[in-house]
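Working notes, beginning with the structure itself.
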Amino acid sequence: MTADPIPALEVLMDAAWPAPDRHDTGEWVLRAAEGVTQRANSVWPRASAADPAAAAREAVAWYRKRRLPVIYQVFDNASAAPLNALLDRLGFTNQSETLVMAMGPAAPEGPLQVGPLPADAAVELAEHPSAEWLELWWSVDGRGGAGALETARAILTGCPSLYALLRDDGGRPAAVGRLALAGGYGGLYCMATRPDARRRGYATRVLRSLLGAGAARKLDGYWLLVTAANPGARELYARSGFREAGRYFYRQERPRRHLTGC
């Protein structure tokens with residue numbers, strides 16, 4: 001990781017949540033996954049475009065062919081100012097403010113080491129998402145039916161990962177999480193707890209188990225994404241040693257009104 005961690009984190013984030021349909025323009029990466037998740041259906045402006053207006057027109061044409069809205073994942077930093085100015089002029093909305101939190105060399109306050117954590121025998125770890133794991137995660141975070149879930153599975157399994165599942169006292173899946181393994185780092189994704197099983201420490205146990213599994217693999221650091229509107233999750237991650245390394249927004253074109261016959 002460099003002193004400015006965000007560019008390196010962007011590469012890791014793209015690897016950890018790979019869109020099955022993508023086009024690299026040499027400056028921007030256009031990503032699509034049949035509308036499943038904003039992240040996999042957004043423009044990643046990896047480098048500043050020499051001609052932002054022309055690049056934006058190319059993006060519009062690419063997404064129109066797929067009948068998808070044009071969405072940009074834009075970090076809140078000075079280098080994004082020209083793109084944000086263009087999107088403002090085009091009337092794009094600002095949505096889903098998301099914090100990137102990091103622990104280890106990527107953390108803005110310097111390295112934080114994750115020592116050996118005690119194993120939690122109740123947390124089940126696997127290299128592939130089980131049907132139970134997928135069912136719980138999708139019931140909390142998913143949008144869409146069986147087809148959308150299969151697309152989501154393809155995204156998840158497009159990157160080597162570890163999947164954690166914790167059951168309640170009755171044996172029902174209570175909480176899940178995923179640790180994406182990319183470039184010697186670990187990305188925490190899909191942290192989800194069944195609504196009626198919350199506030200019982202399940203998420204903390206899943207998090208600690210995944211961090212422990214990462215420490216056993218000698219990962220160099222960790223990152224995660226959390227919406228700014230979720231203070232409970234932000235507090236959990238801060239207690240575990242994560243610090244904010246940046247934030248981004250999704251910039252989406254406004255829906256167009258279509259004339260009807262009425």
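If you're wondering about the labels, chains in the structure tokens are A, B, ... by order shown, residues count from 1 in each chain, ligands from 1 in order shown.
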Inset, instruction - Would you mind listing what lies within 8 Å of Val74 of chain A as a PyMOL selection string, with only C-alpha atoms counted and same-chain residues fewer than 2 positions away left out? - result: chain A and resi 44-45+72+76+80+84+248-251
Inset, instruction - Could you tell me, as a list of chain:residue names, which residues of segment 143-215 of chain A DSSP assigns to strand (DSSP E) when given the backbone? - result: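 Residues of segment 143-215 of chain A classed as strand (DSSP E): A:Ser161, A:Leu162, A:Tyr163, A:Ala164, A:Leu165, A:Leu166, A:Arg167, A:Pro173, A:Ala174, A:Ala175, A:Val176, A:Gly177, A:Arg178, A:Leu179, A:Ala180, A:Leu181, A:Ala182, A:Tyr185, A:Gly186, A:Gly187, A:Leu188, A:Tyr189, A:Cys190, A:Met191, A:Ala192, A:Thr193.
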Inset, instruction - With a distance cut-off of 12 Å and only C-alpha atoms, select the neighbouring residues of Pro20 of chain A, excluding the residue or stretch itself and same-chain residues fewer than 3 positions from it, and output the selection as an NGL selection string. - result: :A and (14-15 or 17 or 23 or 30-36 or 39-41 or 150-159)
For the selection just defined, write its residues with N, CA, C and O atoms to a file, as an mmCIF file, in the first residue's frame.
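Contents of part.cif, as written:
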```
data_model
loop_
_atom_site.group_PDB
_atom_site.id
_atom_site.type_symbol
_atom_site.label_atom_id
_atom_site.label_comp_id
_atom_site.auth_asym_id
_atom_site.auth_seq_id
_atom_site.Cartn_x
_atom_site.Cartn_y
_atom_site.Cartn_z
ATOM 1 N N ASP A 14 -12.056 -3.783 -6.685
ATOM 2 C CA ASP A 14 -12.539 -4.283 -7.969
ATOM 3 C C ASP A 14 -12.293 -5.782 -8.086
ATOM 4 O O ASP A 14 -13.142 -6.528 -8.594
ATOM 5 N N ALA A 15 -11.151 -6.248 -7.590
ATOM 6 C CA ALA A 15 -10.840 -7.683 -7.655
ATOM 7 C C ALA A 15 -11.743 -8.496 -6.736
ATOM 8 O O ALA A 15 -12.097 -9.639 -7.043
ATOM 9 N N TRP A 17 -14.861 -7.878 -5.903
ATOM 10 C CA TRP A 17 -16.278 -7.879 -6.298
ATOM 11 C C TRP A 17 -16.324 -7.785 -7.835
ATOM 12 O O TRP A 17 -16.781 -6.789 -8.386
ATOM 13 N N HIS A 23 -15.699 -3.731 -19.493
ATOM 14 C CA HIS A 23 -14.994 -3.165 -20.628
ATOM 15 C C HIS A 23 -14.002 -2.146 -20.117
ATOM 16 O O HIS A 23 -14.380 -1.180 -19.437
ATOM 17 N N LEU A 30 -15.787 -0.100 -17.285
ATOM 18 C CA LEU A 30 -17.246 -0.167 -17.280
ATOM 19 C C LEU A 30 -17.640 -1.564 -16.847
ATOM 20 O O LEU A 30 -17.181 -2.563 -17.416
ATOM 21 N N ARG A 31 -18.492 -1.658 -15.833
ATOM 22 C CA ARG A 31 -18.813 -2.950 -15.225
ATOM 23 C C ARG A 31 -20.318 -3.182 -15.225
ATOM 24 O O ARG A 31 -21.096 -2.261 -14.959
ATOM 25 N N ALA A 32 -20.714 -4.423 -15.494
ATOM 26 C CA ALA A 32 -22.141 -4.756 -15.488
ATOM 27 C C ALA A 32 -22.339 -6.175 -14.984
ATOM 28 O O ALA A 32 -21.502 -7.056 -15.197
ATOM 29 N N ALA A 33 -23.467 -6.369 -14.309
ATOM 30 C CA ALA A 33 -23.819 -7.680 -13.771
ATOM 31 C C ALA A 33 -25.338 -7.818 -13.723
ATOM 32 O O ALA A 33 -25.909 -8.187 -12.701
ATOM 33 N N GLU A 34 -25.974 -7.470 -14.830
ATOM 34 C CA GLU A 34 -27.429 -7.604 -14.957
ATOM 35 C C GLU A 34 -28.177 -6.831 -13.867
ATOM 36 O O GLU A 34 -29.248 -7.224 -13.429
ATOM 37 N N GLY A 35 -27.567 -5.756 -13.412
ATOM 38 C CA GLY A 35 -28.221 -4.913 -12.411
ATOM 39 C C GLY A 35 -28.082 -5.379 -10.978
ATOM 40 O O GLY A 35 -28.665 -4.770 -10.074
ATOM 41 N N VAL A 36 -27.323 -6.430 -10.723
ATOM 42 C CA VAL A 36 -27.170 -6.965 -9.359
ATOM 43 C C VAL A 36 -26.046 -6.205 -8.647
ATOM 44 O O VAL A 36 -24.869 -6.358 -8.984
ATOM 45 N N ARG A 39 -22.282 -1.772 -7.083
ATOM 46 C CA ARG A 39 -20.836 -1.884 -7.235
ATOM 47 C C ARG A 39 -20.460 -2.599 -8.530
ATOM 48 O O ARG A 39 -19.527 -2.203 -9.230
ATOM 49 N N ALA A 40 -21.177 -3.670 -8.852
ATOM 50 C CA ALA A 40 -20.858 -4.452 -10.047
ATOM 51 C C ALA A 40 -21.513 -3.895 -11.295
ATOM 52 O O ALA A 40 -21.353 -4.458 -12.375
ATOM 53 N N ASN A 41 -22.229 -2.797 -11.172
ATOM 54 C CA ASN A 41 -22.915 -2.182 -12.308
ATOM 55 C C ASN A 41 -22.598 -0.700 -12.369
ATOM 56 O O ASN A 41 -23.479 0.135 -12.559
ATOM 57 N N GLU A 150 -28.166 -16.022 -8.536
ATOM 58 C CA GLU A 150 -27.125 -16.744 -9.265
ATOM 59 C C GLU A 150 -26.065 -15.780 -9.789
ATOM 60 O O GLU A 150 -24.873 -16.098 -9.804
ATOM 61 N N THR A 151 -26.495 -14.600 -10.219
ATOM 62 C CA THR A 151 -25.527 -13.592 -10.644
ATOM 63 C C THR A 151 -24.664 -13.167 -9.464
ATOM 64 O O THR A 151 -23.447 -13.009 -9.589
ATOM 65 N N ALA A 152 -25.300 -12.980 -8.312
ATOM 66 C CA ALA A 152 -24.551 -12.613 -7.108
ATOM 67 C C ALA A 152 -23.551 -13.706 -6.741
ATOM 68 O O ALA A 152 -22.419 -13.413 -6.345
ATOM 69 N N ARG A 153 -23.954 -14.960 -6.873
ATOM 70 C CA ARG A 153 -23.032 -16.059 -6.564
ATOM 71 C C ARG A 153 -21.809 -15.995 -7.481
ATOM 72 O O ARG A 153 -20.670 -16.224 -7.049
ATOM 73 N N ALA A 154 -22.036 -15.686 -8.761
ATOM 74 C CA ALA A 154 -20.922 -15.593 -9.702
ATOM 75 C C ALA A 154 -19.965 -14.469 -9.309
ATOM 76 O O ALA A 154 -18.737 -14.604 -9.445
ATOM 77 N N ILE A 155 -20.518 -13.358 -8.818
ATOM 78 C CA ILE A 155 -19.670 -12.261 -8.364
ATOM 79 C C ILE A 155 -18.833 -12.706 -7.165
ATOM 80 O O ILE A 155 -17.610 -12.511 -7.119
ATOM 81 N N LEU A 156 -19.478 -13.315 -6.185
ATOM 82 C CA LEU A 156 -18.788 -13.735 -4.965
ATOM 83 C C LEU A 156 -17.660 -14.717 -5.260
ATOM 84 O O LEU A 156 -16.558 -14.604 -4.720
ATOM 85 N N THR A 157 -17.955 -15.697 -6.090
ATOM 86 C CA THR A 157 -16.981 -16.765 -6.347
ATOM 87 C C THR A 157 -15.971 -16.384 -7.413
ATOM 88 O O THR A 157 -15.096 -17.183 -7.750
ATOM 89 N N GLY A 158 -16.061 -15.155 -7.934
ATOM 90 C CA GLY A 158 -15.074 -14.694 -8.898
ATOM 91 C C GLY A 158 -13.763 -14.310 -8.251
ATOM 92 O O GLY A 158 -12.797 -13.994 -8.950
ATOM 93 N N CYS A 159 -13.710 -14.321 -6.937
ATOM 94 C CA CYS A 159 -12.491 -14.006 -6.190
ATOM 95 C C CYS A 159 -12.332 -15.049 -5.086
ATOM 96 O O CYS A 159 -13.307 -15.365 -4.392
#
```
Inset, instruction - as JSON, numbers by chain, list the residues of segment 16-261 of chain A assigned to helix (DSSP H, G or I) by DSSP on the backbone atoms of this structure. - result: {"A": [16, 39, 40, 41, 52, 53, 54, 55, 56, 57, 58, 59, 60, 61, 62, 63, 64, 65, 78, 79, 80, 81, 82, 83, 84, 85, 86, 87, 88, 89, 131, 132, 133, 134, 135, 136, 137, 138, 139, 140, 141, 146, 147, 148, 149, 150, 151, 152, 153, 154, 155, 156, 195, 196, 197, 202, 203, 204, 205, 206, 207, 208, 209, 210, 211, 212, 213, 214, 215, 216, 231, 232, 233, 234, 235, 236, 237, 238, 239]}
Output file for the residues above (C-alpha atoms, as a short mmCIF file (atom, residue, chain, number, x, y, z; two decimals), in the first residue's frame):
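The result, stored in result_22.cif:
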```
data_model
loop_
_atom_site.label_atom_id
_atom_site.label_comp_id
_atom_site.auth_asym_id
_atom_site.auth_seq_id
_atom_site.Cartn_x
_atom_site.Cartn_y
_atom_site.Cartn_z
CA ALA A 16 -12.93 -8.64 -4.62
CA ARG A 39 -20.84 -1.88 -7.23
CA ALA A 40 -20.86 -4.45 -10.05
CA ASN A 41 -22.91 -2.18 -12.31
CA PRO A 52 -14.23 13.21 -19.83
CA ALA A 53 -17.21 14.21 -21.98
CA ALA A 54 -16.28 11.71 -24.70
CA ALA A 55 -15.62 9.01 -22.10
CA ALA A 56 -19.02 9.70 -20.56
CA ARG A 57 -20.73 9.36 -23.95
CA GLU A 58 -19.01 6.01 -24.47
CA ALA A 59 -20.22 4.89 -21.05
CA VAL A 60 -23.79 5.89 -21.86
CA ALA A 61 -23.73 3.88 -25.11
CA TRP A 62 -22.27 0.83 -23.36
CA TYR A 63 -24.88 0.79 -20.60
CA ARG A 64 -27.73 1.57 -22.98
CA LYS A 65 -26.94 -1.62 -24.89
CA ALA A 78 -9.61 16.22 -5.15
CA SER A 79 -8.72 14.08 -8.18
CA ALA A 80 -12.41 13.34 -8.73
CA ALA A 81 -13.38 17.03 -8.88
CA PRO A 82 -13.42 17.32 -12.71
CA LEU A 83 -15.57 14.20 -13.07
CA ASN A 84 -17.93 15.33 -10.32
CA ALA A 85 -18.28 18.72 -12.02
CA LEU A 86 -19.21 17.00 -15.29
CA LEU A 87 -21.73 14.73 -13.56
CA ASP A 88 -23.22 17.73 -11.77
CA ARG A 89 -23.75 19.43 -15.14
CA ALA A 131 -26.83 -22.78 0.25
CA GLU A 132 -27.51 -21.76 3.88
CA TRP A 133 -24.89 -19.01 3.71
CA LEU A 134 -26.34 -17.61 0.49
CA GLU A 135 -29.91 -17.83 1.75
CA LEU A 136 -29.18 -15.81 4.89
CA TRP A 137 -27.04 -13.18 3.16
CA TRP A 138 -29.56 -12.73 0.33
CA SER A 139 -32.48 -12.49 2.77
CA VAL A 140 -30.76 -9.51 4.42
CA ASP A 141 -28.97 -7.75 1.56
CA ALA A 146 -33.33 -16.73 -8.14
CA GLY A 147 -31.71 -15.36 -11.29
CA ALA A 148 -30.30 -12.36 -9.45
CA LEU A 149 -29.00 -14.64 -6.70
CA GLU A 150 -27.13 -16.74 -9.26
CA THR A 151 -25.53 -13.59 -10.64
CA ALA A 152 -24.55 -12.61 -7.11
CA ARG A 153 -23.03 -16.06 -6.56
CA ALA A 154 -20.92 -15.59 -9.70
CA ILE A 155 -19.67 -12.26 -8.36
CA LEU A 156 -18.79 -13.73 -4.97
CA PRO A 195 -32.98 -9.54 11.92
CA ASP A 196 -34.34 -11.45 14.92
CA ALA A 197 -30.82 -12.53 15.94
CA TYR A 202 -22.98 -12.82 16.41
CA ALA A 203 -21.53 -10.24 14.00
CA THR A 204 -18.55 -9.66 16.29
CA ARG A 205 -17.82 -13.38 16.43
CA VAL A 206 -18.02 -13.72 12.65
CA LEU A 207 -15.74 -10.71 12.21
CA ARG A 208 -13.16 -12.01 14.67
CA SER A 209 -13.18 -15.45 13.07
CA LEU A 210 -12.56 -14.02 9.62
CA LEU A 211 -9.77 -11.78 10.93
CA GLY A 212 -8.26 -14.77 12.69
CA ALA A 213 -8.39 -16.80 9.49
CA GLY A 214 -6.71 -13.92 7.67
CA ALA A 215 -4.00 -13.68 10.31
CA ALA A 216 -3.33 -17.41 9.92
CA PRO A 231 -23.54 3.89 12.71
CA GLY A 232 -23.88 0.52 14.45
CA ALA A 233 -21.69 -1.27 11.92
CA ARG A 234 -19.20 1.60 11.86
CA GLU A 235 -18.85 1.37 15.65
CA LEU A 236 -18.33 -2.39 15.49
CA TYR A 237 -15.54 -2.03 12.94
CA ALA A 238 -13.91 0.88 14.79
CA ARG A 239 -13.80 -1.20 17.98
#
```
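Nearest residue to Thr227 of chain A, choosing from A:Gln38, A:Thr98, A:Ser240, A:Thr193 and counting only C-alpha atoms: A:Thr98.
Rounded to one decimal, atom CA of Ala19 of chain A and atom CA of Val70 of chain A lie 14.8 Å from each other.
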Legend entry - Which of A:Arg217, A:Gly170, A:Arg243, A:Tyr163 sits closest to Met191 of chain A [using only C-alpha atoms]: A:Tyr163
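Atom CA of Leu99 of chain A lies 15.1 Å from atom CA of Leu12 of chain A.
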